[in-house]
>>> print(open('entry-v7.txt').read())   # compact mmCIF, N, CA and C atoms and all ligand atoms
# COMPACT_ATOMS: atom_id res chain seq x y z
N MET A 1101 -89.75 -0.35 32.47
CA MET A 1101 -90.06 1.06 32.18
C MET A 1101 -88.76 1.85 31.99
N LEU A 1102 -88.60 2.45 30.83
CA LEU A 1102 -87.38 3.18 30.54
C LEU A 1102 -87.54 4.65 30.93
N THR A 1103 -86.41 5.28 31.31
CA THR A 1103 -86.43 6.72 31.55
C THR A 1103 -86.50 7.43 30.19
N ARG A 1104 -86.75 8.71 30.22
CA ARG A 1104 -86.82 9.48 28.96
C ARG A 1104 -85.49 9.41 28.21
N ASP A 1105 -84.38 9.52 28.95
CA ASP A 1105 -83.04 9.45 28.34
C ASP A 1105 -82.80 8.10 27.69
N GLU A 1106 -83.22 7.04 28.40
CA GLU A 1106 -83.03 5.68 27.86
C GLU A 1106 -83.88 5.48 26.61
N GLU A 1107 -85.09 6.00 26.65
CA GLU A 1107 -86.00 5.89 25.50
C GLU A 1107 -85.41 6.64 24.29
N PHE A 1108 -84.82 7.80 24.56
CA PHE A 1108 -84.23 8.59 23.48
C PHE A 1108 -83.05 7.84 22.84
N LEU A 1109 -82.21 7.26 23.71
CA LEU A 1109 -81.05 6.51 23.21
C LEU A 1109 -81.50 5.28 22.41
N LEU A 1110 -82.54 4.60 22.91
CA LEU A 1110 -83.06 3.43 22.21
C LEU A 1110 -83.65 3.82 20.85
N ASN A 1111 -84.30 4.95 20.79
CA ASN A 1111 -84.84 5.40 19.51
C ASN A 1111 -83.72 5.73 18.53
N SER A 1112 -82.60 6.22 19.03
CA SER A 1112 -81.43 6.48 18.17
C SER A 1112 -80.91 5.16 17.61
N ALA A 1113 -80.90 4.12 18.45
CA ALA A 1113 -80.45 2.79 18.00
C ALA A 1113 -81.39 2.24 16.93
N ARG A 1114 -82.69 2.39 17.16
CA ARG A 1114 -83.68 1.90 16.18
C ARG A 1114 -83.50 2.63 14.85
N ALA A 1115 -83.26 3.93 14.92
CA ALA A 1115 -83.09 4.72 13.69
C ALA A 1115 -81.83 4.28 12.95
N ALA A 1116 -80.77 3.99 13.70
CA ALA A 1116 -79.50 3.58 13.08
C ALA A 1116 -79.65 2.26 12.33
N ALA A 1117 -80.56 1.39 12.80
CA ALA A 1117 -80.76 0.09 12.15
C ALA A 1117 -81.25 0.24 10.71
N ALA A 1118 -81.83 1.38 10.41
CA ALA A 1118 -82.32 1.61 9.04
C ALA A 1118 -81.17 1.59 8.03
N ASN A 1119 -79.94 1.86 8.50
CA ASN A 1119 -78.78 1.87 7.61
C ASN A 1119 -78.03 0.54 7.59
N ALA A 1120 -78.56 -0.47 8.29
CA ALA A 1120 -77.87 -1.76 8.35
C ALA A 1120 -77.58 -2.29 6.95
N TYR A 1121 -76.37 -2.84 6.79
CA TYR A 1121 -76.01 -3.51 5.53
C TYR A 1121 -76.01 -5.00 5.83
N CYS A 1122 -77.15 -5.65 5.58
CA CYS A 1122 -77.31 -7.04 5.99
C CYS A 1122 -77.98 -7.87 4.90
N PRO A 1123 -77.37 -7.88 3.68
CA PRO A 1123 -78.00 -8.61 2.58
C PRO A 1123 -78.02 -10.12 2.79
N TYR A 1124 -77.17 -10.63 3.69
CA TYR A 1124 -77.06 -12.10 3.88
C TYR A 1124 -78.02 -12.58 4.95
N SER A 1125 -78.01 -11.93 6.09
CA SER A 1125 -78.89 -12.38 7.19
C SER A 1125 -80.27 -11.71 7.15
N LYS A 1126 -80.34 -10.55 6.54
CA LYS A 1126 -81.58 -9.73 6.58
C LYS A 1126 -81.99 -9.41 8.03
N PHE A 1127 -80.99 -9.42 8.92
CA PHE A 1127 -81.23 -9.17 10.35
C PHE A 1127 -80.62 -7.80 10.67
N ALA A 1128 -81.47 -6.78 10.66
CA ALA A 1128 -80.98 -5.40 10.83
C ALA A 1128 -80.86 -5.04 12.31
N VAL A 1129 -79.70 -4.52 12.66
CA VAL A 1129 -79.45 -4.15 14.06
C VAL A 1129 -78.91 -2.72 14.09
N GLY A 1130 -79.34 -1.97 15.10
CA GLY A 1130 -78.81 -0.63 15.31
C GLY A 1130 -78.35 -0.48 16.74
N ALA A 1131 -77.36 0.37 16.95
CA ALA A 1131 -76.87 0.62 18.30
C ALA A 1131 -76.54 2.09 18.43
N ALA A 1132 -76.65 2.59 19.65
CA ALA A 1132 -76.32 4.00 19.90
C ALA A 1132 -75.65 4.08 21.26
N CYS A 1133 -74.55 4.83 21.34
CA CYS A 1133 -73.91 4.99 22.64
C CYS A 1133 -73.84 6.44 23.03
N GLU A 1134 -73.91 6.61 24.34
CA GLU A 1134 -73.95 7.95 24.94
C GLU A 1134 -72.63 8.18 25.66
N SER A 1135 -72.05 9.34 25.41
CA SER A 1135 -70.77 9.68 26.06
C SER A 1135 -70.70 11.19 26.22
N GLU A 1136 -69.53 11.66 26.64
CA GLU A 1136 -69.35 13.12 26.84
C GLU A 1136 -69.43 13.89 25.53
N ILE A 1137 -69.34 13.19 24.38
CA ILE A 1137 -69.47 13.91 23.10
C ILE A 1137 -70.88 13.80 22.53
N GLY A 1138 -71.79 13.17 23.27
CA GLY A 1138 -73.17 13.04 22.79
C GLY A 1138 -73.48 11.62 22.36
N ILE A 1139 -74.45 11.49 21.48
CA ILE A 1139 -74.90 10.17 21.04
C ILE A 1139 -74.29 9.86 19.68
N VAL A 1140 -73.67 8.68 19.59
CA VAL A 1140 -73.06 8.22 18.33
C VAL A 1140 -73.63 6.83 18.05
N SER A 1141 -74.02 6.59 16.81
CA SER A 1141 -74.68 5.32 16.51
C SER A 1141 -73.93 4.49 15.48
N GLY A 1142 -74.45 3.29 15.25
CA GLY A 1142 -73.87 2.39 14.26
C GLY A 1142 -74.87 1.31 13.91
N CYS A 1143 -74.58 0.57 12.85
CA CYS A 1143 -75.46 -0.53 12.42
C CYS A 1143 -74.57 -1.71 12.03
N ASN A 1144 -75.17 -2.89 11.87
CA ASN A 1144 -74.35 -4.03 11.47
C ASN A 1144 -73.98 -3.92 9.99
N ILE A 1145 -72.74 -4.32 9.71
CA ILE A 1145 -72.21 -4.25 8.34
C ILE A 1145 -71.71 -5.65 7.98
N GLU A 1146 -72.39 -6.30 7.06
CA GLU A 1146 -72.02 -7.67 6.69
C GLU A 1146 -71.06 -7.68 5.50
N ASN A 1147 -70.54 -8.88 5.22
CA ASN A 1147 -69.58 -9.04 4.13
C ASN A 1147 -69.79 -10.41 3.50
N ALA A 1148 -69.52 -10.50 2.20
CA ALA A 1148 -69.64 -11.78 1.48
C ALA A 1148 -68.73 -12.83 2.12
N SER A 1149 -67.62 -12.40 2.68
CA SER A 1149 -66.77 -13.27 3.49
C SER A 1149 -67.32 -13.15 4.92
N TYR A 1150 -68.25 -14.04 5.25
CA TYR A 1150 -69.13 -13.85 6.41
C TYR A 1150 -68.43 -13.40 7.70
N GLY A 1151 -67.25 -13.98 7.94
CA GLY A 1151 -66.55 -13.70 9.20
C GLY A 1151 -66.12 -12.25 9.35
N LEU A 1152 -66.16 -11.50 8.28
CA LEU A 1152 -65.75 -10.09 8.36
C LEU A 1152 -66.88 -9.18 8.82
N THR A 1153 -68.06 -9.74 8.98
CA THR A 1153 -69.21 -8.96 9.46
C THR A 1153 -68.90 -8.31 10.80
N VAL A 1154 -69.35 -7.07 10.97
CA VAL A 1154 -69.19 -6.40 12.26
C VAL A 1154 -70.57 -6.02 12.79
N CYS A 1155 -70.80 -6.34 14.06
CA CYS A 1155 -72.08 -6.07 14.70
C CYS A 1155 -72.29 -4.56 14.91
N ALA A 1156 -73.55 -4.20 15.03
CA ALA A 1156 -73.93 -2.80 15.24
C ALA A 1156 -73.29 -2.20 16.50
N GLU A 1157 -73.22 -2.99 17.56
CA GLU A 1157 -72.68 -2.47 18.83
C GLU A 1157 -71.22 -2.04 18.65
N ARG A 1158 -70.44 -2.89 17.95
CA ARG A 1158 -69.03 -2.54 17.77
C ARG A 1158 -68.87 -1.37 16.81
N VAL A 1159 -69.69 -1.31 15.78
CA VAL A 1159 -69.61 -0.16 14.86
C VAL A 1159 -69.90 1.13 15.64
N ALA A 1160 -70.92 1.10 16.49
CA ALA A 1160 -71.26 2.31 17.27
C ALA A 1160 -70.13 2.67 18.23
N LEU A 1161 -69.59 1.68 18.92
CA LEU A 1161 -68.53 1.97 19.90
C LEU A 1161 -67.26 2.47 19.21
N PHE A 1162 -66.88 1.85 18.09
CA PHE A 1162 -65.67 2.28 17.38
C PHE A 1162 -65.89 3.67 16.78
N ASN A 1163 -67.09 3.91 16.30
CA ASN A 1163 -67.43 5.22 15.75
C ASN A 1163 -67.27 6.29 16.85
N ALA A 1164 -67.84 6.01 18.04
CA ALA A 1164 -67.76 6.98 19.14
C ALA A 1164 -66.31 7.21 19.56
N ARG A 1165 -65.59 6.12 19.74
CA ARG A 1165 -64.19 6.24 20.19
C ARG A 1165 -63.36 7.02 19.16
N SER A 1166 -63.59 6.73 17.90
CA SER A 1166 -62.79 7.41 16.87
C SER A 1166 -63.16 8.87 16.71
N ARG A 1167 -64.30 9.25 17.26
CA ARG A 1167 -64.68 10.68 17.26
C ARG A 1167 -64.23 11.38 18.54
N GLY A 1168 -63.54 10.65 19.41
CA GLY A 1168 -62.98 11.27 20.61
C GLY A 1168 -63.66 10.93 21.91
N ALA A 1169 -64.67 10.07 21.90
CA ALA A 1169 -65.36 9.72 23.14
C ALA A 1169 -64.45 8.87 24.03
N SER A 1170 -64.36 9.25 25.30
CA SER A 1170 -63.55 8.44 26.22
C SER A 1170 -64.36 7.97 27.43
N ARG A 1171 -65.53 8.56 27.64
CA ARG A 1171 -66.40 8.11 28.75
C ARG A 1171 -67.76 7.69 28.20
N ILE A 1172 -67.83 6.46 27.74
CA ILE A 1172 -69.07 5.93 27.18
C ILE A 1172 -69.84 5.26 28.32
N THR A 1173 -70.97 5.84 28.65
CA THR A 1173 -71.70 5.40 29.85
C THR A 1173 -72.88 4.48 29.56
N ARG A 1174 -73.51 4.66 28.39
CA ARG A 1174 -74.68 3.83 28.07
C ARG A 1174 -74.68 3.45 26.60
N LEU A 1175 -75.20 2.26 26.34
CA LEU A 1175 -75.35 1.81 24.96
C LEU A 1175 -76.74 1.18 24.82
N ALA A 1176 -77.42 1.52 23.74
CA ALA A 1176 -78.72 0.89 23.44
C ALA A 1176 -78.58 0.11 22.15
N VAL A 1177 -79.30 -1.01 22.07
CA VAL A 1177 -79.24 -1.83 20.86
C VAL A 1177 -80.63 -2.32 20.51
N SER A 1178 -80.91 -2.37 19.20
CA SER A 1178 -82.22 -2.82 18.75
C SER A 1178 -82.09 -3.70 17.51
N CYS A 1179 -82.64 -4.90 17.60
CA CYS A 1179 -82.72 -5.80 16.45
C CYS A 1179 -84.11 -5.58 15.85
N ILE A 1180 -84.20 -4.68 14.90
CA ILE A 1180 -85.53 -4.21 14.48
C ILE A 1180 -86.32 -5.24 13.66
N THR A 1181 -85.62 -6.24 13.11
CA THR A 1181 -86.35 -7.21 12.27
C THR A 1181 -86.84 -8.43 13.04
N VAL A 1182 -86.53 -8.45 14.33
CA VAL A 1182 -86.92 -9.61 15.13
C VAL A 1182 -88.45 -9.61 15.32
N ARG A 1183 -89.04 -10.80 15.31
CA ARG A 1183 -90.51 -10.88 15.49
C ARG A 1183 -90.87 -10.51 16.93
N PRO A 1184 -92.00 -9.88 17.13
CA PRO A 1184 -92.38 -9.44 18.49
C PRO A 1184 -92.40 -10.59 19.51
N ASP A 1185 -92.73 -11.81 19.05
CA ASP A 1185 -92.82 -12.95 19.98
C ASP A 1185 -91.52 -13.76 20.04
N ALA A 1186 -90.46 -13.24 19.44
CA ALA A 1186 -89.20 -14.00 19.40
C ALA A 1186 -88.58 -14.13 20.79
N ALA A 1187 -87.81 -15.20 20.98
CA ALA A 1187 -87.12 -15.43 22.26
C ALA A 1187 -86.16 -14.28 22.54
N ILE A 1188 -85.95 -14.04 23.82
CA ILE A 1188 -85.11 -12.92 24.26
C ILE A 1188 -83.69 -13.02 23.70
N ASN A 1189 -83.20 -14.24 23.51
CA ASN A 1189 -81.82 -14.43 23.04
C ASN A 1189 -81.58 -13.82 21.66
N GLN A 1190 -82.64 -13.70 20.87
CA GLN A 1190 -82.49 -13.12 19.53
C GLN A 1190 -82.25 -11.62 19.60
N ARG A 1191 -82.44 -11.06 20.78
CA ARG A 1191 -82.27 -9.60 20.93
C ARG A 1191 -80.98 -9.25 21.68
N MET A 1192 -80.32 -10.24 22.27
CA MET A 1192 -79.17 -9.98 23.14
C MET A 1192 -77.91 -9.67 22.34
N CYS A 1193 -76.94 -9.05 22.99
CA CYS A 1193 -75.66 -8.73 22.36
C CYS A 1193 -74.77 -9.97 22.35
N CYS A 1194 -74.01 -10.14 21.29
CA CYS A 1194 -73.13 -11.32 21.21
C CYS A 1194 -71.94 -11.16 22.17
N GLY A 1195 -71.27 -12.26 22.41
CA GLY A 1195 -70.14 -12.27 23.36
C GLY A 1195 -68.99 -11.38 22.93
N ALA A 1196 -68.70 -11.35 21.63
CA ALA A 1196 -67.59 -10.52 21.14
C ALA A 1196 -67.86 -9.05 21.46
N CYS A 1197 -69.08 -8.61 21.24
CA CYS A 1197 -69.43 -7.21 21.52
C CYS A 1197 -69.35 -6.91 23.01
N ARG A 1198 -69.73 -7.88 23.84
CA ARG A 1198 -69.65 -7.65 25.29
C ARG A 1198 -68.21 -7.40 25.72
N GLN A 1199 -67.28 -8.17 25.14
CA GLN A 1199 -65.86 -7.99 25.47
C GLN A 1199 -65.39 -6.60 25.03
N VAL A 1200 -65.84 -6.15 23.87
CA VAL A 1200 -65.45 -4.81 23.37
C VAL A 1200 -66.08 -3.73 24.26
N MET A 1201 -67.30 -3.96 24.73
CA MET A 1201 -67.94 -3.00 25.64
C MET A 1201 -67.09 -2.81 26.89
N VAL A 1202 -66.60 -3.94 27.45
CA VAL A 1202 -65.77 -3.86 28.66
C VAL A 1202 -64.52 -3.01 28.39
N GLU A 1203 -63.98 -3.13 27.20
CA GLU A 1203 -62.77 -2.38 26.85
C GLU A 1203 -63.05 -0.88 26.73
N LEU A 1204 -64.17 -0.52 26.13
CA LEU A 1204 -64.38 0.88 25.74
C LEU A 1204 -65.39 1.64 26.59
N MET A 1205 -66.18 0.92 27.40
CA MET A 1205 -67.20 1.61 28.19
C MET A 1205 -66.74 1.74 29.65
N GLN A 1206 -67.44 2.58 30.38
CA GLN A 1206 -67.14 2.78 31.80
C GLN A 1206 -67.48 1.50 32.58
N PRO A 1207 -66.80 1.24 33.70
CA PRO A 1207 -67.04 0.00 34.45
C PRO A 1207 -68.50 -0.18 34.90
N ASN A 1208 -69.17 0.93 35.20
CA ASN A 1208 -70.57 0.83 35.66
C ASN A 1208 -71.57 1.10 34.53
N ALA A 1209 -71.16 0.83 33.30
CA ALA A 1209 -71.98 1.16 32.13
C ALA A 1209 -73.29 0.36 32.10
N ILE A 1210 -74.26 0.97 31.42
CA ILE A 1210 -75.61 0.40 31.28
C ILE A 1210 -75.84 0.03 29.81
N VAL A 1211 -76.46 -1.12 29.61
CA VAL A 1211 -76.79 -1.57 28.25
C VAL A 1211 -78.31 -1.78 28.17
N ILE A 1212 -78.93 -1.05 27.25
CA ILE A 1212 -80.39 -1.13 27.07
C ILE A 1212 -80.66 -1.97 25.83
N ILE A 1213 -81.32 -3.09 26.02
CA ILE A 1213 -81.55 -4.01 24.91
C ILE A 1213 -83.04 -4.04 24.59
N ASP A 1214 -83.37 -3.62 23.38
CA ASP A 1214 -84.77 -3.46 22.97
C ASP A 1214 -85.53 -4.78 23.14
N GLY A 1215 -86.60 -4.74 23.91
CA GLY A 1215 -87.44 -5.92 24.11
C GLY A 1215 -86.89 -6.91 25.11
N ALA A 1216 -85.74 -6.60 25.71
CA ALA A 1216 -85.14 -7.53 26.68
C ALA A 1216 -84.95 -6.90 28.05
N GLY A 1217 -84.61 -5.61 28.09
CA GLY A 1217 -84.46 -4.95 29.38
C GLY A 1217 -83.22 -4.09 29.47
N VAL A 1218 -82.95 -3.65 30.69
CA VAL A 1218 -81.79 -2.79 30.98
C VAL A 1218 -80.83 -3.59 31.86
N PHE A 1219 -79.57 -3.67 31.42
CA PHE A 1219 -78.58 -4.50 32.09
C PHE A 1219 -77.36 -3.67 32.46
N THR A 1220 -76.65 -4.08 33.50
CA THR A 1220 -75.33 -3.50 33.69
C THR A 1220 -74.37 -4.33 32.83
N LEU A 1221 -73.28 -3.68 32.46
CA LEU A 1221 -72.29 -4.40 31.66
C LEU A 1221 -71.74 -5.59 32.46
N ARG A 1222 -71.65 -5.39 33.76
CA ARG A 1222 -71.17 -6.47 34.64
C ARG A 1222 -72.11 -7.69 34.60
N ASP A 1223 -73.42 -7.42 34.50
CA ASP A 1223 -74.39 -8.53 34.36
C ASP A 1223 -74.13 -9.31 33.07
N LEU A 1224 -73.83 -8.57 32.00
CA LEU A 1224 -73.69 -9.21 30.69
C LEU A 1224 -72.39 -9.97 30.54
N LEU A 1225 -71.35 -9.49 31.21
CA LEU A 1225 -70.05 -10.18 31.13
C LEU A 1225 -69.34 -10.07 32.47
N PRO A 1226 -69.68 -10.97 33.41
CA PRO A 1226 -69.16 -10.85 34.77
C PRO A 1226 -67.66 -11.11 34.92
N ALA A 1227 -67.08 -11.91 34.04
CA ALA A 1227 -65.65 -12.23 34.20
C ALA A 1227 -64.92 -12.05 32.87
N PRO A 1228 -64.77 -10.80 32.43
CA PRO A 1228 -64.14 -10.55 31.13
C PRO A 1228 -62.64 -10.82 31.15
N PHE A 1229 -62.09 -11.02 29.98
CA PHE A 1229 -60.63 -11.05 29.82
C PHE A 1229 -60.13 -9.62 30.02
N TRP A 1230 -59.06 -9.46 30.75
CA TRP A 1230 -58.56 -8.11 31.01
C TRP A 1230 -57.07 -8.17 31.27
N LEU A 1231 -56.31 -7.21 30.75
CA LEU A 1231 -54.88 -7.11 31.03
C LEU A 1231 -54.61 -5.81 31.76
N GLN A 1232 -53.81 -5.86 32.81
CA GLN A 1232 -53.33 -4.62 33.44
C GLN A 1232 -52.23 -4.06 32.55
N SER A 1233 -52.11 -2.74 32.48
CA SER A 1233 -51.07 -2.18 31.61
C SER A 1233 -49.69 -2.63 32.06
N SER A 1234 -49.52 -2.88 33.38
CA SER A 1234 -48.22 -3.34 33.86
C SER A 1234 -47.89 -4.72 33.30
N GLU A 1235 -48.92 -5.55 33.08
CA GLU A 1235 -48.69 -6.88 32.53
C GLU A 1235 -48.32 -6.81 31.04
N ILE A 1236 -48.84 -5.78 30.37
CA ILE A 1236 -48.53 -5.64 28.94
C ILE A 1236 -47.12 -5.09 28.77
N ASN A 1237 -46.79 -4.08 29.59
CA ASN A 1237 -45.49 -3.40 29.43
C ASN A 1237 -44.36 -4.07 30.19
N GLY A 1238 -44.72 -5.03 31.03
CA GLY A 1238 -43.70 -5.70 31.83
C GLY A 1238 -43.10 -4.81 32.90
N GLU A 1239 -43.84 -3.81 33.33
CA GLU A 1239 -43.30 -2.86 34.33
C GLU A 1239 -43.54 -3.36 35.74
N1 LIG A 1301 -75.58 -8.81 15.02
C1 LIG A 1301 -75.40 -7.59 15.60
O1 LIG A 1301 -75.29 -6.57 14.91
N2 LIG A 1301 -75.31 -7.53 16.95
C2 LIG A 1301 -75.40 -8.61 17.78
O2 LIG A 1301 -75.20 -8.49 18.98
C3 LIG A 1301 -75.73 -9.92 17.23
C4 LIG A 1301 -75.69 -10.04 15.76
C5 LIG A 1301 -75.65 -8.89 13.56
C6 LIG A 1301 -74.49 -9.57 12.90
C7 LIG A 1301 -75.12 -10.06 11.61
O3 LIG A 1301 -75.04 -9.03 10.65
C8 LIG A 1301 -76.56 -10.29 11.97
O4 LIG A 1301 -76.80 -9.62 13.18
C9 LIG A 1301 -76.94 -11.76 12.12
O5 LIG A 1301 -76.09 -12.39 12.99
>>> encode(input="entry-v7.txt", output="structure tokens")
Amino acid sequence: MLTRDEEFLLNSARAAAANAYCPYSKFAVGAACESEIGIVSGCNIENASYGLTVCAERVALFNARSRGASRITRLAVSCITVRPDAAINQRMCCGACRQVMVELMQPNAIVIIDGAGVFTLRDLLPAPFWLQSSEINGE
């Protein structure tokens, strides 16, 4: 059972999927993230050079960050073309997106996955790759 806020965010993700550019997979995905600047969404964008495809979750997160969001607390994602009886894995976020979520979202962030449930980011990626700034700068 989703809260009203979660339902609203999920509906934003579903709406964003309408703009998916997915001529190769025909698998339309939408994502929406909530932050101090409001709700910002994205959809998957494919490319003839398949590896250049970017998932909806990353498009939404990069869109939000580039608009100035620094406290992204929740993200909703919806694979709108998935069959109602499809396995849960067809609705889950890929590993690359989970790593990007850890980078750009708050540590206690929530991820709402249409037809799969509500997860903490920690549930989705319990042991992410992470660098301390001191390790990067050698300080
Ligand atoms: N896709 C997403 O947008 N998010 C995911 O988490 C998994 C996959 C997209 C990428 C590609 O355009 C299509 O779904 C099929 O893999």
>>> residues_around(input="entry-v7.txt", residues="A:Arg1171", least_positions_apart="2", cutoff="6 Å", atoms="all atoms listed in the file", output="CSV table (one decimal) with N, CA and C atoms, keeping the file's coordinate frame")
chain,number,residue,atom,x,y,z
A,1134,GLU,N,-73.9,6.6,24.3
A,1134,GLU,CA,-74.0,8.0,24.9
A,1134,GLU,C,-72.6,8.2,25.7
A,1135,SER,N,-72.0,9.3,25.4
A,1135,SER,CA,-70.8,9.7,26.1
A,1135,SER,C,-70.7,11.2,26.2
A,1136,GLU,N,-69.5,11.7,26.6
A,1136,GLU,CA,-69.4,13.1,26.8
A,1136,GLU,C,-69.4,13.9,25.5
A,1169,ALA,N,-64.7,10.1,21.9
A,1169,ALA,CA,-65.4,9.7,23.1
A,1169,ALA,C,-64.4,8.9,24.0
A,1173,THR,N,-71.0,5.8,28.6
A,1173,THR,CA,-71.7,5.4,29.8
A,1173,THR,C,-72.9,4.5,29.6
A,1206,GLN,N,-67.4,2.6,30.4
A,1206,GLN,CA,-67.1,2.8,31.8
A,1206,GLN,C,-67.5,1.5,32.6
>>> atom_distance(input="entry-v7.txt", atom1="atom CA of A:Leu1224", atom2="atom CA of A:Arg1198")
6.9 Å
>>> atom_distance(input="entry-v7.txt", atom1="atom CA of A:Asn1147", atom2="atom CA of A:Gly1195")
19.5 Å
>>> select_by_dssp(input="entry-v7.txt", residues="stretch 1104-1235 of chain A", states="alpha helix (DSSP H)", output="compact mmCIF listing (two decimals) with N, CA and C atoms, in the frame of the given file")
# COMPACT_ATOMS: atom_id res chain seq x y z
N ARG A 1104 -86.75 8.71 30.22
CA ARG A 1104 -86.82 9.48 28.96
C ARG A 1104 -85.49 9.41 28.21
N ASP A 1105 -84.38 9.52 28.95
CA ASP A 1105 -83.04 9.45 28.34
C ASP A 1105 -82.80 8.10 27.69
N GLU A 1106 -83.22 7.04 28.40
CA GLU A 1106 -83.03 5.68 27.86
C GLU A 1106 -83.88 5.48 26.61
N GLU A 1107 -85.09 6.00 26.65
CA GLU A 1107 -86.00 5.89 25.50
C GLU A 1107 -85.41 6.64 24.29
N PHE A 1108 -84.82 7.80 24.56
CA PHE A 1108 -84.23 8.59 23.48
C PHE A 1108 -83.05 7.84 22.84
N LEU A 1109 -82.21 7.26 23.71
CA LEU A 1109 -81.05 6.51 23.21
C LEU A 1109 -81.50 5.28 22.41
N LEU A 1110 -82.54 4.60 22.91
CA LEU A 1110 -83.06 3.43 22.21
C LEU A 1110 -83.65 3.82 20.85
N ASN A 1111 -84.30 4.95 20.79
CA ASN A 1111 -84.84 5.40 19.51
C ASN A 1111 -83.72 5.73 18.53
N SER A 1112 -82.60 6.22 19.03
CA SER A 1112 -81.43 6.48 18.17
C SER A 1112 -80.91 5.16 17.61
N ALA A 1113 -80.90 4.12 18.45
CA ALA A 1113 -80.45 2.79 18.00
C ALA A 1113 -81.39 2.24 16.93
N ARG A 1114 -82.69 2.39 17.16
CA ARG A 1114 -83.68 1.90 16.18
C ARG A 1114 -83.50 2.63 14.85
N ALA A 1115 -83.26 3.93 14.92
CA ALA A 1115 -83.09 4.72 13.69
C ALA A 1115 -81.83 4.28 12.95
N ALA A 1116 -80.77 3.99 13.70
CA ALA A 1116 -79.50 3.58 13.08
C ALA A 1116 -79.65 2.26 12.33
N ALA A 1156 -73.55 -4.20 15.03
CA ALA A 1156 -73.93 -2.80 15.24
C ALA A 1156 -73.29 -2.20 16.50
N GLU A 1157 -73.22 -2.99 17.56
CA GLU A 1157 -72.68 -2.47 18.83
C GLU A 1157 -71.22 -2.04 18.65
N ARG A 1158 -70.44 -2.89 17.95
CA ARG A 1158 -69.03 -2.54 17.77
C ARG A 1158 -68.87 -1.37 16.81
N VAL A 1159 -69.69 -1.31 15.78
CA VAL A 1159 -69.61 -0.16 14.86
C VAL A 1159 -69.90 1.13 15.64
N ALA A 1160 -70.92 1.10 16.49
CA ALA A 1160 -71.26 2.31 17.27
C ALA A 1160 -70.13 2.67 18.23
N LEU A 1161 -69.59 1.68 18.92
CA LEU A 1161 -68.53 1.97 19.90
C LEU A 1161 -67.26 2.47 19.21
N PHE A 1162 -66.88 1.85 18.09
CA PHE A 1162 -65.67 2.28 17.38
C PHE A 1162 -65.89 3.67 16.78
N ASN A 1163 -67.09 3.91 16.30
CA ASN A 1163 -67.43 5.22 15.75
C ASN A 1163 -67.27 6.29 16.85
N ALA A 1164 -67.84 6.01 18.04
CA ALA A 1164 -67.76 6.98 19.14
C ALA A 1164 -66.31 7.21 19.56
N ARG A 1165 -65.59 6.12 19.74
CA ARG A 1165 -64.19 6.24 20.19
C ARG A 1165 -63.36 7.02 19.16
N SER A 1166 -63.59 6.73 17.90
CA SER A 1166 -62.79 7.41 16.87
C SER A 1166 -63.16 8.87 16.71
N GLY A 1195 -71.27 -12.26 22.41
CA GLY A 1195 -70.14 -12.27 23.36
C GLY A 1195 -68.99 -11.38 22.93
N ALA A 1196 -68.70 -11.35 21.63
CA ALA A 1196 -67.59 -10.52 21.14
C ALA A 1196 -67.86 -9.05 21.46
N CYS A 1197 -69.08 -8.61 21.24
CA CYS A 1197 -69.43 -7.21 21.52
C CYS A 1197 -69.35 -6.91 23.01
N ARG A 1198 -69.73 -7.88 23.84
CA ARG A 1198 -69.65 -7.65 25.29
C ARG A 1198 -68.21 -7.40 25.72
N GLN A 1199 -67.28 -8.17 25.14
CA GLN A 1199 -65.86 -7.99 25.47
C GLN A 1199 -65.39 -6.60 25.03
N VAL A 1200 -65.84 -6.15 23.87
CA VAL A 1200 -65.45 -4.81 23.37
C VAL A 1200 -66.08 -3.73 24.26
N MET A 1201 -67.30 -3.96 24.73
CA MET A 1201 -67.94 -3.00 25.64
C MET A 1201 -67.09 -2.81 26.89
N VAL A 1202 -66.60 -3.94 27.45
CA VAL A 1202 -65.77 -3.86 28.66
C VAL A 1202 -64.52 -3.01 28.39
N GLU A 1203 -63.98 -3.13 27.20
CA GLU A 1203 -62.77 -2.38 26.85
C GLU A 1203 -63.05 -0.88 26.73
N LEU A 1204 -64.17 -0.52 26.13
CA LEU A 1204 -64.38 0.88 25.74
C LEU A 1204 -65.39 1.64 26.59
N LEU A 1221 -73.28 -3.68 32.46
CA LEU A 1221 -72.29 -4.40 31.66
C LEU A 1221 -71.74 -5.59 32.46
N ARG A 1222 -71.65 -5.39 33.76
CA ARG A 1222 -71.17 -6.47 34.64
C ARG A 1222 -72.11 -7.69 34.60
N ASP A 1223 -73.42 -7.42 34.50
CA ASP A 1223 -74.39 -8.53 34.36
C ASP A 1223 -74.13 -9.31 33.07
N LEU A 1224 -73.83 -8.57 32.00
CA LEU A 1224 -73.69 -9.21 30.69
C LEU A 1224 -72.39 -9.97 30.54
N SER A 1233 -52.11 -2.74 32.48
CA SER A 1233 -51.07 -2.18 31.61
C SER A 1233 -49.69 -2.63 32.06
N SER A 1234 -49.52 -2.88 33.38
CA SER A 1234 -48.22 -3.34 33.86
C SER A 1234 -47.89 -4.72 33.30
N GLU A 1235 -48.92 -5.55 33.08
CA GLU A 1235 -48.69 -6.88 32.53
C GLU A 1235 -48.32 -6.81 31.04
>>> residues_near_ligand(input="entry-v7.txt", ligand="ligand LIG 1301 (chain A)", cutoff="6.5 Å", atoms="only N, CA and C atoms and all ligand atoms", output="count of residues only")
22
>>> select_by_dssp(input="entry-v7.txt", residues="stretch 1107-1203 of chain A", states="strand (DSSP E)", output="PyMOL selection string")
chain A and resi 1129-1135+1138-1143+1172-1179
>>> atom_distance(input="entry-v7.txt", atom1="atom C of A:Leu1204", atom2="atom C of A:Asp1105")
18.6 Å
>>> residues_around(input="entry-v7.txt", residues="A:Arg1114", least_positions_apart="6", cutoff="9 Å", atoms="only C-alpha atoms", output="JSON, numbers by chain")
{"A": [1129, 1130, 1131, 1132, 1176, 1177, 1178, 1179, 1180, 1214]}
>>> closest_residue(input="entry-v7.txt", among="A:Asn1189, A:Leu1175, A:Ala1118, A:Leu1231", to="A:Ile1212", atoms="only N, CA and C atoms")
A:Leu1175
